[in-house]
Amino acid sequence: MAPMQAQTPESFQREMGCTARELVAWLPRACGGRPLCIEEGSARVVIDGAQLLLAWQTLAPRQIASLRLPRLAVSFRFEGVDAPQRREFIRIFDLSTQRGGG
């Protein structure tokens, strides 16, 4: 997962190495405690009167030898959120959803 530092467009997609269950568990913290409505395969986050719509779909796992890694296709669609707010939101989202390692 590559962080989007310089520009955060109003809508984009990315692949995340997690299950839908993991993503849903991470969302409250990853959204900075903002109001959040989660449904099956999607979520709505309120950002200062504007919103972010998230949608995800499970992809086939990535397989490396006998190791199988989960994958999700996640789409982000900001509505009425200005560029600095988008950038800050994604910075916190990325920090909150990174796995430890190394």
# chains A, B, ... in the order shown; residues from 1 in each chain; ligands from 1
>>> residues_around(residues="Leu27 (chain A)", least_positions_apart="6", cutoff="12 Å", atoms="only C-alpha atoms", output="list in words")
Ala20, Arg21, Gly33, Arg34, Pro35, Leu36, Cys37, Ile38, Ser42, Ala43, Arg44, Val45, Leu54, Phe89, Ile92, Phe93, Asp94, Leu95, Ser96 and Thr97 of chain A
>>> closest_residue(among="A:Leu59, A:Ile47, A:Ala65, A:Met16", to="Gly80 (chain A)", atoms="only C-alpha atoms")
A:Ile47
>>> closest_residue(among="A:Gln13, A:Gln7, A:Gln51, A:Thr58", to="Cys31 (chain A)", atoms="only C-alpha atoms")
A:Gln51
>>> residues_around(residues="Leu23 (chain A)", least_positions_apart="5", cutoff="10 Å", atoms="only C-alpha atoms", output="list in words")
Met16, Gly17, Cys18, Pro28, Ala30, Trp56, Leu72, Val74 and Thr97 of chain A
>>> closest_residue(among="A:Gln57, A:Ile64, A:Arg91, A:Glu39", to="Thr19 (chain A)", atoms="only C-alpha atoms")
A:Gln57
>>> atom_distance(atom1="CA of Arg14 (chain A)", atom2="CA of Arg71 (chain A)")
10.2 Å
>>> select_by_dssp(residues="chain A", states="helix (DSSP H, G or I)", output="VMD selection string")
chain A and resid 20 to 30 83 to 97
>>> decode(residues="region 16-28 of chain A", atoms="N, CA, C and O atoms", output="PDB file, in the first residue's frame")
ATOM      1  N   MET A  16      -5.700  -3.243  -1.019  1.00  0.00           N
ATOM      2  CA  MET A  16      -5.210  -3.342   0.349  1.00  0.00           C
ATOM      3  C   MET A  16      -5.028  -4.817   0.709  1.00  0.00           C
ATOM      4  O   MET A  16      -5.829  -5.656   0.304  1.00  0.00           O
ATOM      5  N   GLY A  17      -3.980  -5.099   1.451  1.00  0.00           N
ATOM      6  CA  GLY A  17      -3.679  -6.466   1.871  1.00  0.00           C
ATOM      7  C   GLY A  17      -4.332  -6.804   3.193  1.00  0.00           C
ATOM      8  O   GLY A  17      -3.653  -6.903   4.224  1.00  0.00           O
ATOM      9  N   CYS A  18      -5.653  -6.948   3.179  1.00  0.00           N
ATOM     10  CA  CYS A  18      -6.390  -7.281   4.393  1.00  0.00           C
ATOM     11  C   CYS A  18      -7.713  -7.918   4.000  1.00  0.00           C
ATOM     12  O   CYS A  18      -8.090  -7.919   2.834  1.00  0.00           O
ATOM     13  N   THR A  19      -8.409  -8.433   4.991  1.00  0.00           N
ATOM     14  CA  THR A  19      -9.746  -8.966   4.755  1.00  0.00           C
ATOM     15  C   THR A  19     -10.767  -7.849   4.993  1.00  0.00           C
ATOM     16  O   THR A  19     -10.454  -6.824   5.613  1.00  0.00           O
ATOM     17  N   ALA A  20     -11.979  -8.059   4.543  1.00  0.00           N
ATOM     18  CA  ALA A  20     -13.051  -7.088   4.791  1.00  0.00           C
ATOM     19  C   ALA A  20     -13.286  -6.936   6.287  1.00  0.00           C
ATOM     20  O   ALA A  20     -13.487  -5.829   6.785  1.00  0.00           O
ATOM     21  N   ARG A  21     -13.227  -8.008   7.021  1.00  0.00           N
ATOM     22  CA  ARG A  21     -13.414  -7.969   8.475  1.00  0.00           C
ATOM     23  C   ARG A  21     -12.343  -7.106   9.138  1.00  0.00           C
ATOM     24  O   ARG A  21     -12.639  -6.317  10.033  1.00  0.00           O
ATOM     25  N   GLU A  22     -11.098  -7.246   8.697  1.00  0.00           N
ATOM     26  CA  GLU A  22     -10.020  -6.418   9.256  1.00  0.00           C
ATOM     27  C   GLU A  22     -10.245  -4.943   8.940  1.00  0.00           C
ATOM     28  O   GLU A  22     -10.106  -4.081   9.822  1.00  0.00           O
ATOM     29  N   LEU A  23     -10.600  -4.640   7.694  1.00  0.00           N
ATOM     30  CA  LEU A  23     -10.832  -3.256   7.313  1.00  0.00           C
ATOM     31  C   LEU A  23     -11.934  -2.635   8.165  1.00  0.00           C
ATOM     32  O   LEU A  23     -11.775  -1.529   8.695  1.00  0.00           O
ATOM     33  N   VAL A  24     -13.039  -3.340   8.335  1.00  0.00           N
ATOM     34  CA  VAL A  24     -14.152  -2.829   9.141  1.00  0.00           C
ATOM     35  C   VAL A  24     -13.699  -2.579  10.584  1.00  0.00           C
ATOM     36  O   VAL A  24     -14.073  -1.567  11.185  1.00  0.00           O
ATOM     37  N   ALA A  25     -12.870  -3.450  11.124  1.00  0.00           N
ATOM     38  CA  ALA A  25     -12.366  -3.260  12.492  1.00  0.00           C
ATOM     39  C   ALA A  25     -11.445  -2.043  12.592  1.00  0.00           C
ATOM     40  O   ALA A  25     -11.416  -1.353  13.614  1.00  0.00           O
ATOM     41  N   TRP A  26     -10.694  -1.754  11.532  1.00  0.00           N
ATOM     42  CA  TRP A  26      -9.757  -0.623  11.531  1.00  0.00           C
ATOM     43  C   TRP A  26     -10.449   0.718  11.284  1.00  0.00           C
ATOM     44  O   TRP A  26      -9.912   1.769  11.638  1.00  0.00           O
ATOM     45  N   LEU A  27     -11.612   0.712  10.633  1.00  0.00           N
ATOM     46  CA  LEU A  27     -12.218   1.960  10.171  1.00  0.00           C
ATOM     47  C   LEU A  27     -12.448   3.018  11.256  1.00  0.00           C
ATOM     48  O   LEU A  27     -12.142   4.189  11.012  1.00  0.00           O
ATOM     49  N   PRO A  28     -12.983   2.701  12.427  1.00  0.00           N
ATOM     50  CA  PRO A  28     -13.207   3.775  13.403  1.00  0.00           C
ATOM     51  C   PRO A  28     -11.930   4.567  13.718  1.00  0.00           C
ATOM     52  O   PRO A  28     -11.945   5.800  13.731  1.00  0.00           O
TER      53      PRO A  28
END
